[in-house]
Each structure stands twice: as structure tokens, then as C-alpha cells.
$ cat target_35.txt   # compact mmCIF, C-alpha atoms
# COMPACT_ATOMS: atom_id res chain seq x y z
CA MET M 19 8.84 -16.59 -20.26
CA LEU M 20 5.09 -16.07 -20.55
CA ALA M 21 5.55 -14.86 -24.11
CA ARG M 22 7.36 -18.10 -25.04
CA LYS M 23 4.51 -20.12 -23.58
CA GLY M 24 1.98 -18.24 -25.65
CA ILE M 25 0.22 -16.59 -22.72
CA LEU M 26 1.29 -13.11 -23.77
CA ALA M 27 2.31 -11.83 -27.14
CA ASP M 28 5.92 -10.84 -27.88
CA GLY M 29 6.69 -7.30 -27.02
CA PHE M 30 4.18 -7.18 -24.18
CA LEU M 31 5.81 -5.91 -21.03
CA LEU M 32 4.93 -8.18 -18.11
CA THR M 33 5.10 -5.70 -15.32
CA ARG M 34 2.22 -3.84 -13.88
CA LEU M 35 1.92 -1.91 -17.14
CA ALA M 36 0.65 -2.67 -20.60
CA GLU M 37 2.04 -0.59 -23.42
CA ASP M 38 1.21 -0.48 -27.11
CA ALA M 39 4.38 -0.44 -29.16
CA THR M 40 2.53 1.07 -32.14
CA GLN M 41 1.14 3.95 -30.11
CA PRO M 42 1.90 7.29 -31.79
CA SER M 43 4.52 9.26 -29.91
CA ARG M 44 3.51 12.46 -28.21
CA ILE M 45 5.54 15.59 -27.60
CA ARG M 46 7.16 15.35 -24.20
CA PRO M 47 8.92 18.08 -22.26
CA LYS M 48 12.69 18.11 -22.23
CA SER M 49 12.95 17.59 -18.48
CA GLN M 50 11.21 14.58 -17.00
CA ARG M 51 8.45 15.58 -14.64
CA ALA M 52 8.66 14.28 -11.09
CA ARG M 53 5.91 11.96 -9.92
CA PHE M 54 4.87 10.59 -6.55
CA ILE M 55 3.96 7.07 -7.74
CA THR M 56 5.99 5.36 -10.43
CA LYS M 57 4.41 3.25 -13.14
CA SER M 58 5.44 0.12 -11.24
CA GLY M 59 3.60 1.34 -8.12
CA SER M 60 6.52 2.27 -5.86
CA CYS M 61 6.59 5.59 -4.02
CA ASN M 62 8.98 8.04 -5.63
CA VAL M 63 9.74 10.00 -2.46
CA ALA M 64 13.22 10.35 -0.95
CA HIS M 65 13.38 10.85 2.82
CA LYS M 66 16.42 12.90 3.79
CA ASN M 67 17.91 14.37 6.96
CA ILE M 68 16.13 11.96 9.31
CA ARG M 69 17.76 12.62 12.66
CA GLU M 70 15.92 10.03 14.75
CA GLN M 71 17.34 6.93 13.10
CA GLY M 72 16.81 4.94 16.28
CA ARG M 73 13.09 4.70 15.58
CA PHE M 74 13.83 2.08 12.92
CA LEU M 75 15.61 -0.09 15.47
CA GLN M 76 12.56 -0.04 17.73
CA ASP M 77 10.75 -2.05 15.04
CA VAL M 78 13.51 -4.42 14.01
CA PHE M 79 11.27 -7.03 12.37
CA THR M 80 9.61 -4.55 9.99
CA THR M 81 13.00 -3.04 9.21
CA MET M 82 14.34 -6.49 8.33
CA VAL M 83 11.37 -7.25 6.11
CA ASP M 84 11.72 -3.94 4.27
CA LEU M 85 15.38 -4.56 3.48
CA LYS M 86 16.49 -5.94 0.14
CA TRP M 87 17.18 -9.63 -0.20
CA GLN M 88 20.96 -9.25 -0.44
CA HIS M 89 21.05 -7.12 2.70
CA SER M 90 18.83 -9.54 4.63
CA LEU M 91 20.95 -12.55 3.65
CA LEU M 92 24.10 -10.67 4.59
CA ILE M 93 22.68 -9.84 8.03
CA PHE M 94 21.54 -13.43 8.68
CA THR M 95 24.88 -14.88 7.58
CA SER M 96 26.75 -12.42 9.78
CA ALA M 97 24.49 -13.22 12.73
CA PHE M 98 25.19 -16.96 12.46
CA LEU M 99 28.92 -16.52 11.99
CA CYS M 100 29.20 -14.08 14.89
CA SER M 101 27.25 -16.37 17.22
CA TRP M 102 29.36 -19.39 16.24
CA MET M 103 32.58 -17.46 16.75
CA LEU M 104 31.43 -16.02 20.08
CA PHE M 105 30.50 -19.37 21.58
CA ALA M 106 33.58 -20.99 20.05
CA MET M 107 35.62 -18.54 22.08
CA VAL M 108 33.59 -19.42 25.20
CA TRP M 109 34.14 -23.16 24.70
CA TRP M 110 37.84 -22.64 24.13
CA LEU M 111 38.13 -20.57 27.32
CA LEU M 112 36.28 -23.23 29.30
CA ALA M 113 38.63 -25.91 27.97
CA PHE M 114 41.65 -23.73 28.68
CA ALA M 115 40.51 -22.94 32.24
CA HIS M 116 39.83 -26.60 32.94
CA GLY M 117 43.19 -27.66 31.54
CA ASP M 118 41.79 -29.68 28.66
CA LEU M 119 44.19 -28.08 26.14
CA GLU M 120 47.36 -29.36 27.81
CA PRO M 121 49.16 -32.14 25.91
CA ARG M 122 48.66 -35.56 27.45
CA ASP M 123 49.72 -39.08 26.78
CA PRO M 124 46.80 -40.95 25.23
CA ASN M 125 47.90 -44.18 26.97
CA GLU M 126 47.74 -42.64 30.44
CA PRO M 127 44.40 -41.90 32.11
CA GLY M 128 43.81 -38.22 32.92
CA PRO M 129 41.11 -35.94 34.30
CA VAL M 130 37.73 -35.96 32.58
CA PRO M 131 37.47 -32.91 30.24
CA CYS M 132 34.46 -30.58 30.02
CA VAL M 133 34.09 -31.34 26.30
CA THR M 134 35.86 -34.28 24.73
CA SER M 135 38.07 -33.93 21.65
CA ILE M 136 38.66 -30.17 22.00
CA HIS M 137 42.37 -29.49 21.48
CA SER M 138 42.40 -26.08 19.71
CA PHE M 139 40.24 -23.14 18.72
CA THR M 140 39.32 -24.90 15.47
CA SER M 141 37.85 -27.87 17.29
CA ALA M 142 35.99 -25.48 19.64
CA PHE M 143 34.53 -23.67 16.61
CA LEU M 144 33.35 -26.97 15.12
CA PHE M 145 31.75 -27.95 18.43
CA SER M 146 29.99 -24.57 18.57
CA ILE M 147 28.46 -25.19 15.13
CA GLU M 148 27.35 -28.70 16.12
CA VAL M 149 25.65 -27.42 19.26
CA GLN M 150 23.78 -24.52 17.62
CA VAL M 151 22.54 -26.34 14.54
CA THR M 152 22.10 -29.67 16.42
CA ILE M 153 24.26 -31.69 14.03
CA GLY M 154 25.92 -33.98 16.56
CA PHE M 155 28.58 -35.93 14.64
CA GLY M 156 29.47 -37.85 17.79
CA GLY M 157 33.18 -37.05 17.93
CA ARG M 158 32.75 -34.29 20.52
CA MET M 159 30.42 -34.40 23.48
CA MET M 160 29.88 -32.78 26.86
CA THR M 161 30.50 -34.40 30.19
CA GLU M 162 29.22 -33.86 33.69
CA GLU M 163 32.53 -32.42 34.83
CA CYS M 164 31.71 -28.69 34.24
CA PRO M 165 28.31 -27.28 35.33
CA LEU M 166 29.25 -23.95 33.72
CA ALA M 167 29.54 -25.68 30.35
CA ILE M 168 25.96 -26.96 30.73
CA ILE M 169 24.73 -23.37 31.28
CA VAL M 170 26.63 -22.19 28.19
CA LEU M 171 25.07 -25.02 26.18
CA ILE M 172 21.55 -23.93 27.22
CA ILE M 173 22.22 -20.27 26.37
CA GLN M 174 23.61 -21.13 22.94
CA ASN M 175 20.62 -23.32 22.09
CA ILE M 176 18.16 -20.58 23.06
CA LEU M 177 20.04 -17.94 21.09
CA GLY M 178 20.21 -20.22 18.06
CA LEU M 179 16.45 -20.80 18.16
CA ILE M 180 15.82 -17.05 18.33
CA ILE M 181 18.01 -16.39 15.29
CA ASN M 182 16.30 -19.22 13.35
CA ALA M 183 12.82 -17.93 14.24
CA ILE M 184 13.63 -14.37 13.13
CA MET M 185 15.21 -15.60 9.91
CA LEU M 186 12.28 -17.87 9.00
CA GLY M 187 9.74 -15.18 9.86
CA CYS M 188 11.49 -12.58 7.70
CA VAL M 189 11.86 -14.98 4.78
CA PHE M 190 8.18 -15.95 4.97
CA MET M 191 7.00 -12.33 5.16
CA LYS M 192 9.25 -11.25 2.29
CA THR M 193 8.01 -14.05 0.05
CA ALA M 194 4.34 -13.56 1.00
CA GLN M 195 4.21 -9.78 0.78
CA ALA M 196 1.04 -8.28 -0.63
CA ASN M 197 2.84 -6.48 -3.44
CA ARG M 198 3.91 -9.83 -4.91
CA ARG M 199 0.34 -10.54 -5.98
CA ALA M 200 0.19 -7.09 -7.55
CA GLU M 201 2.87 -8.08 -10.07
CA THR M 202 0.22 -9.89 -12.13
CA LEU M 203 -2.19 -6.93 -12.05
CA ILE M 204 -1.59 -4.74 -15.09
CA PHE M 205 -2.66 -1.22 -15.95
CA SER M 206 -2.70 0.41 -19.36
CA ARG M 207 0.37 2.48 -20.08
CA ASN M 208 -1.75 5.47 -21.07
CA ALA M 209 -5.10 6.83 -19.99
CA VAL M 210 -7.51 8.38 -22.47
CA ILE M 211 -10.17 11.09 -22.52
CA ALA M 212 -13.07 10.44 -24.85
CA PRO M 213 -16.82 11.15 -24.81
CA ARG M 214 -19.22 8.67 -23.21
CA ASN M 215 -22.94 9.31 -23.24
CA GLY M 216 -22.30 12.86 -24.39
CA ARG M 217 -19.86 13.75 -21.59
CA PRO M 218 -16.02 13.81 -21.63
CA THR M 219 -14.76 10.80 -19.69
CA PHE M 220 -11.39 9.91 -18.25
CA MET M 221 -10.66 6.19 -18.79
CA PHE M 222 -7.93 3.61 -18.25
CA ARG M 223 -7.81 -0.19 -18.39
CA VAL M 224 -6.92 -2.67 -15.64
CA GLY M 225 -6.61 -6.45 -15.84
CA ASP M 226 -5.58 -9.52 -13.85
CA LEU M 227 -3.36 -12.16 -15.45
CA ARG M 228 -4.12 -14.88 -12.88
CA LYS M 229 -7.18 -17.10 -12.80
CA SER M 230 -7.52 -16.73 -9.03
CA MET M 231 -9.82 -13.84 -8.17
CA ILE M 232 -9.26 -10.70 -6.15
CA ILE M 233 -12.02 -10.72 -3.51
CA SER M 234 -13.77 -7.45 -2.62
CA ALA M 235 -11.70 -5.50 -5.13
CA THR M 236 -12.11 -1.73 -4.89
CA ILE M 237 -10.49 0.98 -6.96
CA GLN M 238 -9.81 4.56 -5.94
CA LEU M 239 -8.65 7.58 -7.94
CA GLN M 240 -6.90 10.64 -6.57
CA VAL M 241 -5.53 13.77 -8.17
CA ILE M 242 -2.39 15.27 -6.69
CA ARG M 243 -1.78 18.84 -7.71
CA ARG M 244 -0.27 22.07 -6.45
CA THR M 245 -2.86 24.59 -5.28
CA VAL M 246 -2.90 28.08 -3.76
CA THR M 247 -5.46 29.07 -1.14
CA ALA M 248 -7.31 32.38 -0.99
CA GLU M 249 -4.82 33.58 1.64
CA GLY M 250 -1.90 32.90 -0.68
CA GLU M 251 -0.73 29.70 1.05
CA VAL M 252 0.87 27.28 -1.37
CA ILE M 253 -0.15 23.65 -0.85
CA PRO M 254 2.40 21.55 -2.77
CA VAL M 255 0.47 18.28 -2.34
CA CYS M 256 -3.29 18.67 -2.52
CA GLN M 257 -5.15 15.36 -2.79
CA LEU M 258 -8.54 15.38 -4.48
CA ASP M 259 -10.74 12.30 -4.67
CA ILE M 260 -12.21 11.32 -8.03
CA GLN M 261 -15.41 9.34 -8.15
CA VAL M 262 -15.33 6.23 -10.30
CA GLU M 263 -18.33 5.80 -12.57
CA ASN M 264 -20.28 3.15 -10.70
CA PRO M 265 -24.06 2.98 -10.18
CA LEU M 266 -23.47 1.30 -6.81
CA ARG M 267 -22.63 3.13 -3.63
CA SER M 268 -19.09 1.78 -3.50
CA ASN M 269 -16.07 1.65 -5.78
CA GLY M 270 -16.14 -2.14 -5.87
CA ILE M 271 -15.35 -3.96 -9.12
CA PHE M 272 -15.53 -7.59 -10.25
CA LEU M 273 -12.20 -8.14 -11.95
CA VAL M 274 -13.06 -11.33 -13.81
CA SER M 275 -11.78 -9.80 -17.06
CA PRO M 276 -9.96 -6.59 -18.03
CA LEU M 277 -12.14 -3.57 -17.27
CA ILE M 278 -12.15 0.00 -18.48
CA ILE M 279 -12.46 2.21 -15.40
CA SER M 280 -14.10 5.54 -16.24
CA HIS M 281 -14.68 8.87 -14.56
CA THR M 282 -17.20 11.31 -16.00
CA ILE M 283 -15.76 14.83 -16.18
CA ASP M 284 -18.57 17.02 -14.87
CA ARG M 285 -18.74 20.12 -12.72
CA GLY M 286 -17.70 18.16 -9.64
CA SER M 287 -14.56 16.77 -11.29
CA PRO M 288 -11.05 18.18 -10.78
CA LEU M 289 -10.59 17.78 -14.55
CA TYR M 290 -13.55 20.04 -15.37
CA GLU M 291 -11.48 22.96 -16.70
CA ILE M 292 -8.81 20.92 -18.53
CA SER M 293 -8.78 21.12 -22.32
CA ALA M 294 -6.63 19.43 -24.94
CA GLN M 295 -4.28 22.44 -25.11
CA SER M 296 -3.96 22.98 -21.35
CA LEU M 297 -3.48 19.28 -20.56
CA ALA M 298 0.22 19.30 -21.43
CA THR M 299 0.90 22.24 -19.11
CA GLU M 300 -1.10 20.97 -16.14
CA ASP M 301 0.85 20.15 -12.99
CA LEU M 302 -1.11 17.15 -11.74
CA GLU M 303 -0.84 13.42 -11.27
CA ILE M 304 -3.72 10.96 -11.23
CA ILE M 305 -3.04 8.09 -8.84
CA VAL M 306 -4.86 4.75 -9.17
CA ILE M 307 -5.11 2.46 -6.12
CA LEU M 308 -6.54 -1.05 -6.45
CA GLU M 309 -7.13 -2.96 -3.22
CA GLY M 310 -8.53 -6.39 -2.50
CA VAL M 311 -8.03 -9.74 -0.80
CA VAL M 312 -6.07 -12.52 -2.48
CA GLU M 313 -8.37 -15.51 -2.94
CA THR M 314 -5.72 -18.18 -2.35
CA THR M 315 -3.93 -16.71 0.69
CA GLY M 316 -6.43 -14.27 2.21
CA ILE M 317 -3.78 -11.54 2.37
CA THR M 318 -4.84 -7.97 1.64
CA MET M 319 -3.02 -6.61 -1.40
CA GLN M 320 -2.70 -3.23 -3.07
CA ALA M 321 -1.62 -2.31 -6.59
CA ARG M 322 -0.78 1.25 -7.58
CA THR M 323 0.09 3.27 -10.64
CA SER M 324 -0.24 6.86 -11.80
CA TYR M 325 -0.82 8.94 -14.89
CA THR M 326 0.85 12.26 -15.64
CA PRO M 327 -0.46 14.69 -18.29
CA GLU M 328 2.01 13.29 -20.84
CA GLU M 329 0.42 9.85 -20.41
CA ILE M 330 -3.18 11.00 -20.94
CA LEU M 331 -4.29 10.82 -24.57
CA TRP M 332 -7.00 13.22 -25.71
CA GLY M 333 -9.59 11.98 -28.18
CA ARG M 334 -8.78 8.27 -28.14
CA ARG M 335 -10.55 5.10 -27.05
CA PHE M 336 -9.42 1.64 -26.04
CA VAL M 337 -10.01 -1.14 -28.53
CA SER M 338 -12.06 -4.17 -27.61
CA ILE M 339 -9.99 -7.17 -26.53
CA MET M 340 -12.75 -9.64 -25.60
CA THR M 341 -14.26 -12.13 -28.00
CA GLU M 342 -16.55 -15.13 -27.58
CA GLU M 343 -15.11 -18.42 -28.80
CA ASP M 344 -16.66 -21.88 -28.35
CA GLY M 345 -18.95 -20.86 -25.52
CA ARG M 346 -16.32 -19.00 -23.51
CA TYR M 347 -14.82 -15.54 -23.48
CA SER M 348 -11.30 -15.01 -24.82
CA ILE M 349 -9.02 -12.08 -23.89
CA ASP M 350 -6.35 -10.86 -26.31
CA TYR M 351 -3.73 -9.20 -24.09
CA SER M 352 -1.65 -8.16 -27.09
CA LYS M 353 -4.19 -5.34 -27.60
CA PHE M 354 -4.45 -4.43 -23.93
CA GLY M 355 -3.09 -0.89 -24.32
CA ASN M 356 -4.13 -0.25 -27.94
CA THR M 357 -6.22 2.85 -28.62
CA VAL M 358 -7.96 4.27 -31.66
CA PRO M 359 -8.62 7.94 -32.44
CA PHE M 360 -12.06 9.36 -31.84
CA ARG M 361 -13.34 12.75 -32.95
CA MET M 362 -14.08 15.07 -30.07
CA PRO M 363 -13.68 18.82 -29.55
CA ALA M 364 -10.52 20.11 -27.92
CA LEU M 365 -12.57 22.18 -25.46
CA SER M 366 -12.74 21.48 -21.77
CA ALA M 367 -15.90 20.14 -20.16
CA LYS M 368 -16.58 23.59 -18.74
CA GLU M 369 -16.27 25.23 -22.17
CA LEU M 370 -18.52 22.56 -23.66
CA ASP M 371 -21.16 23.27 -21.02
CA GLN M 372 -20.93 26.98 -21.76
CA THR M 373 -21.33 26.44 -25.48
CA ARG M 374 -24.39 24.31 -24.78
CA GLY M 375 -25.96 27.09 -22.79
CA VAL M 376 -25.18 25.75 -19.32
CA GLN M 377 -24.47 28.60 -16.95
CA ASP M 378 -22.13 28.52 -14.00
CA SER M 379 -23.52 28.45 -10.49
CA GLY M 380 -21.53 31.13 -8.70
CA PRO M 381 -19.60 29.86 -5.69
CA HIS M 382 -19.61 26.23 -6.88
CA GLU M 383 -17.85 27.05 -10.13
CA GLY M 384 -14.76 24.98 -10.81
CA LYS M 385 -14.64 23.43 -7.33
CA PRO M 386 -14.87 19.70 -6.76
CA GLN M 387 -17.73 19.04 -4.41
CA GLY M 388 -18.46 16.35 -1.88
CA TRP M 389 -19.40 12.80 -2.61
CA GLY M 390 -23.06 13.37 -1.93
CA LEU M 391 -25.49 10.74 -3.18
CA VAL M 392 -28.19 12.65 -5.04
CA ARG M 393 -31.25 11.67 -6.93
CA ALA M 394 -30.97 11.41 -10.69
CA GLY M 395 -34.36 11.08 -12.27
CA ARG M 396 -36.90 8.58 -11.04
CA GLY M 397 -35.51 5.81 -8.90
CA GLY M 398 -31.90 6.50 -9.92
CA TYR M 399 -29.03 7.75 -7.82
CA ARG M 400 -25.68 9.16 -8.66
CA ARG M 401 -22.60 10.22 -6.76
CA GLY M 402 -20.81 13.53 -6.85
CA GLY M 403 -17.15 14.34 -7.45
CA GLY M 404 -14.22 14.82 -5.15
CA ARG M 405 -13.60 17.31 -2.38
CA ALA M 406 -11.62 20.51 -2.60
CA CYS M 407 -8.65 21.00 -0.35
CA ASP M 408 -9.58 24.56 0.59
CA ASP M 409 -13.19 23.62 1.28
CA MET M 410 -13.25 20.63 3.59
CA ALA M 411 -16.97 20.67 4.17
CA ALA M 412 -18.89 18.45 1.79
CA LYS M 413 -21.33 20.34 -0.43
CA PRO M 414 -24.02 18.98 -2.70
CA TRP M 415 -22.95 19.25 -6.31
CA TYR M 416 -26.46 19.53 -7.69
CA VAL M 417 -27.86 23.05 -7.99
CA PRO M 418 -31.43 23.79 -7.06
CA ALA M 419 -33.08 26.02 -9.60
CA GLU M 420 -36.49 27.45 -10.09
CA LYS M 421 -38.67 26.88 -13.05
CA GLU M 422 -41.55 29.13 -13.76
CA GLU M 423 -44.58 28.09 -15.65
CA GLU M 424 -47.64 30.06 -16.34
CA LYS M 425 -50.85 28.30 -15.82
CA LYS M 426 -54.04 30.18 -16.56
CA GLY M 427 -52.36 33.54 -16.05
CA GLN M 428 -50.69 32.59 -12.75
CA LYS M 429 -47.03 31.81 -12.20
CA LYS M 430 -46.07 28.72 -10.27
CA THR M 431 -42.53 28.11 -8.94
CA VAL M 432 -41.30 24.50 -9.14
CA LYS M 433 -38.10 23.29 -7.41
CA LEU M 434 -35.83 21.18 -9.62
CA GLU M 435 -32.77 19.08 -8.88
CA GLU M 436 -30.17 19.56 -11.59
CA ILE M 437 -27.45 16.93 -11.60
CA GLY M 438 -24.10 17.57 -13.21
CA ARG M 439 -25.22 20.62 -15.22
CA GLU M 440 -27.82 23.35 -15.10
CA ILE M 441 -30.93 23.25 -17.23
CA GLU M 442 -32.03 26.37 -18.99
CA GLU M 443 -35.13 28.02 -17.65
CA GLU M 444 -38.08 27.43 -19.81
CA THR M 445 -41.39 29.19 -19.81
CA VAL M 446 -44.19 26.80 -20.55
CA GLU M 447 -47.53 28.27 -21.53
CA ASP M 448 -50.59 26.16 -21.01
CA MET M 449 -52.85 26.88 -24.00
CA SER M 450 -56.49 26.73 -23.12
CA ASP M 451 -58.74 24.72 -25.37

$ encode --input "target_35.txt" --output "C-alpha cells"
Amino acid sequence: MLARKGILADGFLLTRLAEDATQPSRIRPKSQRARFITKSGSCNVAHKNIREQGRFLQDVFTTMVDLKWQHSLLIFTSAFLCSWMLFAMVWWLLAFAHGDLEPRDPNEPGPVPCVTSIHSFTSAFLFSIEVQVTIGFGGRMMTEECPLAIIVLIIQNILGLIINAIMLGCVFMKTAQANRRAETLIFSRNAVIAPRNGRPTFMFRVGDLRKSMIISATIQLQVIRRTVTAEGEVIPVCQLDIQVENPLRSNGIFLVSPLIISHTIDRGSPLYEISAQSLATEDLEIIVILEGVVETTGITMQARTSYTPEEILWGRRFVSIMTEEDGRYSIDYSKFGNTVPFRMPALSAKELDQTRGVQDSGPHEGKPQGWGLVRAGRGGYRRGGGRACDDMAAKPWYVPAEKEEEKKGQKKTVKLEEIGREIEEETVEDMSD
């Protein structure tokens, strides 16, 4: 529909993905790899052999909201029909006990009935519907003859209000769920790895199709992989945090236009040892979580997607989709997921550091470190990488080193803060005039 209106180009998939149809195909394994988060953002986890099913009934409202629309409508319809039938039986029994169902001569006066114009179960069922939904056609009405009938009338009205309140609440919550707003948040089909400022960088693109803003939007990256501890314990789901490249102290973004979210692959990154050849064999999944507050409703929303190794392109960059036209910026969503090749070595970030003369730092090698805020130069600050599962204590990811300089025949030791990579030791000789 949006493509016919000219908002999106033909062939653009309006889900939470954006895919380039001209993207070159990559070799994929024969068997599809399992993933925790699907591309649409739903959790791909099946819960089996749950013995305590009664826990779901303790939270009936949430269970009703989580059901599919067809199941919810079926339950509501059944609830109304059952209540109408139940009270129709009660009204028929009251009429039968009072003798209102006996045939009488309409010309002769008789006893006053509990409910007028009830002669069969069908008329009792119609009266039950009129009472519960407050229709009141006027053909049937209660009298003061039966106090028990007045009590039944009160009970049926209260029960009908409860059913209506639950139904309206579930319908409102299902239509105003936070994931509905996430349908217009799109992520690029593929992520890329390309150099930025001399460092390999993991990048993907995110955009918002609506004009209304996402307030206080934050984005979070996590790597899920299978790890083995030093004691031989296998951890099937190890979650590692990935720091988004942001000079601020938070992961907040201003999603006024499509953005390319980047993560610099340094020594504190879980992707530090991944090369172009080993990427296809890696057993990992990068999960993207975008959270924020909907500007129009004030409801907190969350959009999710994930990238498997088959969906990460090595040596490619996203094309520019923003142009300036007539004093305003224009976004071309037909190129949202388009990438172009870019020359870069197939070596991992660790191998590149080794070829550049950067030496490893012993116990910190290959381990993601804590999110420590460290000083980077004069007046600048930078965050570290994630946190390893087998090392829960946060560690600084900069490495203090010593630099020796000879000054007038004496050696002086100077402490340095090396951020992201080690600097080779240099011996500086101060030549006397």
C-alpha cells in the first residue's frame, strides 16, 4: 500500500527489515542455523514440558492479551453465549416454578407473572439477552411478584459489566501494544564490516518511517555465543555486551533520520578475533535492541532484530541515502539496505594489530573487558567493550605501559595510558646543543 502511494519504492519489504534485491548472494550452509531473535523481532524459543500450567491462569488478563486475535474473539463470544444461556435457564426455571408457563386464557385474569411474556425457553433466552446488554424492547418486563427474580437481575447485570470490562481492556491493550509502533522501525537486512578511521567497524542501519519521534531512544547490542569455561563447563547462551560507538556516556540516539550504528572492533570487542574466513564458521548471533517512548502515546516500545554470520558482509559499506533538496533533507528508502564493496584485508582486528606491531597484553588478550570510561587524549573520553561471561568483574581495557627516555644520561620512567591498542616502546634521546 505504501509502495502504491509513492512512500516506498516497489520491492521494498515493509516489515522491520530493509533488504536490497540486487545484493550479491552469499554462500549459505545447507541447514538453516537456529537463532534466538528472528528478523521480525520475535523470540524464537519454544517452551516445552511446562508442568505448572496453572501459573498462566493466575494472571488471566496478561494471558488474554498474549493470545492471538482469533482465540481472544472466540473466548469472548463463548463467554457471552454461555452467560446468556445460563441466565436464560435461570429465568425459565423461575417462570416454571411460579407457574407462568402454564397455558391460560388471555380473556381471563390470572396471577401476576415474575416476568411478562415468557412462555418458553426461547422467550427466556431473549429476555436474558435484553437484560445483559440493556436493550429493553419493551415486550418483556419484570414485576414485583418475585423478589428472587430481582436478585437474579442484579447478578446478571454485574456479571455482564465484568465481561464487558475485561473484553474492552483486552482489546485496548492488544491494539495499543508497544510492538505495534515497532512495525514502522526498520533495520537493514544485512550488517557490514568495513574500516572506519583505520579500525575495522561493525555497522548496520536503522530508520523510522513515521514522522512522530521516538523519545529517549537508546540502542543496545549483545552477542550471544556458546562458550566453554576454564573448568570445562559449557555455557550454551553467553551474553556479551557490545559498546555502540558514541562519544556520550549513554547509548542514546536521535532517530530523526536513518542512522548507521557502528561498533569499533578493538581489543575489548567480542569480534576482535573474527576474520573474513572464520566469520562463516562462527557460532554467534548479534542482537540489536532499540528502546524508546512513543511521542504520541507515551508508551514505552522496543524493537528487536538480530544478525547471524551469514547476514554480516565483510568489506562492504552502506550507500548514502540522504540528499538536500529545496532547503530540506530527503531520504531515499529504496537504497536503505544497499551496500558497495570496499577494499579491506581479510585479517581479523587482532591479526591487523599484530602486523602493525601491536603486542598482546597477557591476561587481557582476546577477552572483552568492562565498560570503563577511560581518558583518550586531552579532554576526550572513550568507553570500553563488553564483559566476558567467565570474568564478571569489570576490568579496565586500557593497558598501562612504561616509556623510557634518556635525558642527559639518566633514564626516566613515564606512565602512559594506551587506549584500544598498545604503543611500541620508543627510546627518545635528547641531543644536547

$ closest_residue --input "target_35.txt" --among "M:Tyr325, M:Phe143, M:Tyr347, M:Phe336" --to "Phe360 in chain M" --atoms "all atoms listed in the file"
M:Phe336

$ atom_distance --input "target_35.txt" --atom1 "CA of Gly216 in chain M" --atom2 "CA of Glu303 in chain M"
25.2 Å

$ closest_residue --input "target_35.txt" --among "M:Thr161, M:Gln150, M:Gln372, M:Asn197" --to "Thr134 in chain M" --atoms "all atoms listed in the file"
M:Thr161

$ closest_residue --input "target_35.txt" --among "M:Leu227, M:Leu179, M:Ile237, M:Val306" --to "Ile349 in chain M" --atoms "all atoms listed in the file"
M:Leu227

$ closest_atom_pairs --input "target_35.txt" --of "range 168-262 of chain M" --to "range 307-317 of chain M" --cutoff "12 Å" --atoms "only C-alpha atoms" --output "JSON lines"
{"residue": "M:Met191", "atom": "CA", "partner": "M:Ile317", "partner_atom": "CA", "distance": 11.2}
{"residue": "M:Ala194", "atom": "CA", "partner": "M:Ile317", "partner_atom": "CA", "distance": 8.5}
{"residue": "M:Gln195", "atom": "CA", "partner": "M:Ile317", "partner_atom": "CA", "distance": 8.3}
{"residue": "M:Ala196", "atom": "CA", "partner": "M:Ile317", "partner_atom": "CA", "distance": 6.5}
{"residue": "M:Asn197", "atom": "CA", "partner": "M:Ile317", "partner_atom": "CA", "distance": 10.2}
{"residue": "M:Arg198", "atom": "CA", "partner": "M:Val312", "partner_atom": "CA", "distance": 10.6}
{"residue": "M:Arg199", "atom": "CA", "partner": "M:Val312", "partner_atom": "CA", "distance": 7.6}
{"residue": "M:Ala200", "atom": "CA", "partner": "M:Leu308", "partner_atom": "CA", "distance": 9.1}
{"residue": "M:Thr202", "atom": "CA", "partner": "M:Val312", "partner_atom": "CA", "distance": 11.8}
{"residue": "M:Leu203", "atom": "CA", "partner": "M:Leu308", "partner_atom": "CA", "distance": 9.2}
{"residue": "M:Ile204", "atom": "CA", "partner": "M:Leu308", "partner_atom": "CA", "distance": 10.6}
{"residue": "M:Phe205", "atom": "CA", "partner": "M:Leu308", "partner_atom": "CA", "distance": 10.3}
{"residue": "M:Val224", "atom": "CA", "partner": "M:Leu308", "partner_atom": "CA", "distance": 9.3}
{"residue": "M:Gly225", "atom": "CA", "partner": "M:Leu308", "partner_atom": "CA", "distance": 10.8}
{"residue": "M:Asp226", "atom": "CA", "partner": "M:Leu308", "partner_atom": "CA", "distance": 11.3}
{"residue": "M:Arg228", "atom": "CA", "partner": "M:Glu313", "partner_atom": "CA", "distance": 10.8}
{"residue": "M:Lys229", "atom": "CA", "partner": "M:Glu313", "partner_atom": "CA", "distance": 10.1}
{"residue": "M:Ser230", "atom": "CA", "partner": "M:Glu313", "partner_atom": "CA", "distance": 6.3}
{"residue": "M:Met231", "atom": "CA", "partner": "M:Glu313", "partner_atom": "CA", "distance": 5.7}
{"residue": "M:Ile232", "atom": "CA", "partner": "M:Val312", "partner_atom": "CA", "distance": 5.2}
{"residue": "M:Ile233", "atom": "CA", "partner": "M:Val311", "partner_atom": "CA", "distance": 4.9}
{"residue": "M:Ser234", "atom": "CA", "partner": "M:Gly310", "partner_atom": "CA", "distance": 5.3}
{"residue": "M:Ala235", "atom": "CA", "partner": "M:Gly310", "partner_atom": "CA", "distance": 4.2}
{"residue": "M:Thr236", "atom": "CA", "partner": "M:Glu309", "partner_atom": "CA", "distance": 5.4}
{"residue": "M:Ile237", "atom": "CA", "partner": "M:Leu308", "partner_atom": "CA", "distance": 4.5}
{"residue": "M:Gln238", "atom": "CA", "partner": "M:Ile307", "partner_atom": "CA", "distance": 5.2}
{"residue": "M:Leu239", "atom": "CA", "partner": "M:Ile307", "partner_atom": "CA", "distance": 6.5}
{"residue": "M:Gln240", "atom": "CA", "partner": "M:Ile307", "partner_atom": "CA", "distance": 8.4}
{"residue": "M:Val241", "atom": "CA", "partner": "M:Ile307", "partner_atom": "CA", "distance": 11.5}
{"residue": "M:Asp259", "atom": "CA", "partner": "M:Ile307", "partner_atom": "CA", "distance": 11.4}
{"residue": "M:Ile260", "atom": "CA", "partner": "M:Ile307", "partner_atom": "CA", "distance": 11.5}
{"residue": "M:Val262", "atom": "CA", "partner": "M:Ile307", "partner_atom": "CA", "distance": 11.7}

$ closest_atom_pairs --input "target_35.txt" --of "range 75-134 of chain M" --to "range 181-185 of chain M" --cutoff "9 Å" --atoms "only C-alpha atoms" --output "CSV"
residue,atom,partner,partner_atom,distance
M:Phe79,CA,M:Ile184,CA,7.7
M:Ser90,CA,M:Met185,CA,8.8
M:Phe94,CA,M:Met185,CA,6.8
M:Ala97,CA,M:Ile181,CA,7.7
M:Phe98,CA,M:Ile181,CA,7.7

$ atom_distance --input "target_35.txt" --atom1 "CA of Trp102 in chain M" --atom2 "CA of Val130 in chain M"
24.7 Å

$ closest_residue --input "target_35.txt" --among "M:Pro254, M:Gly59, M:Gly333, M:Gly270" --to "Thr219 in chain M" --atoms "all atoms listed in the file"
M:Gly333

$ closest_residue --input "target_35.txt" --among "M:Cys164, M:Ala212, M:Ala294, M:Val246" --to "Arg361 in chain M" --atoms "all atoms listed in the file"
M:Ala212

$ closest_residue --input "target_35.txt" --among "M:Asp350, M:Glu70, M:Glu163, M:Asp284" --to "Pro213 in chain M" --atoms "all atoms listed in the file"
M:Asp284

$ atom_distance --input "target_35.txt" --atom1 "CA of Ser58 in chain M" --atom2 "CA of Thr318 in chain M"
18.4 Å
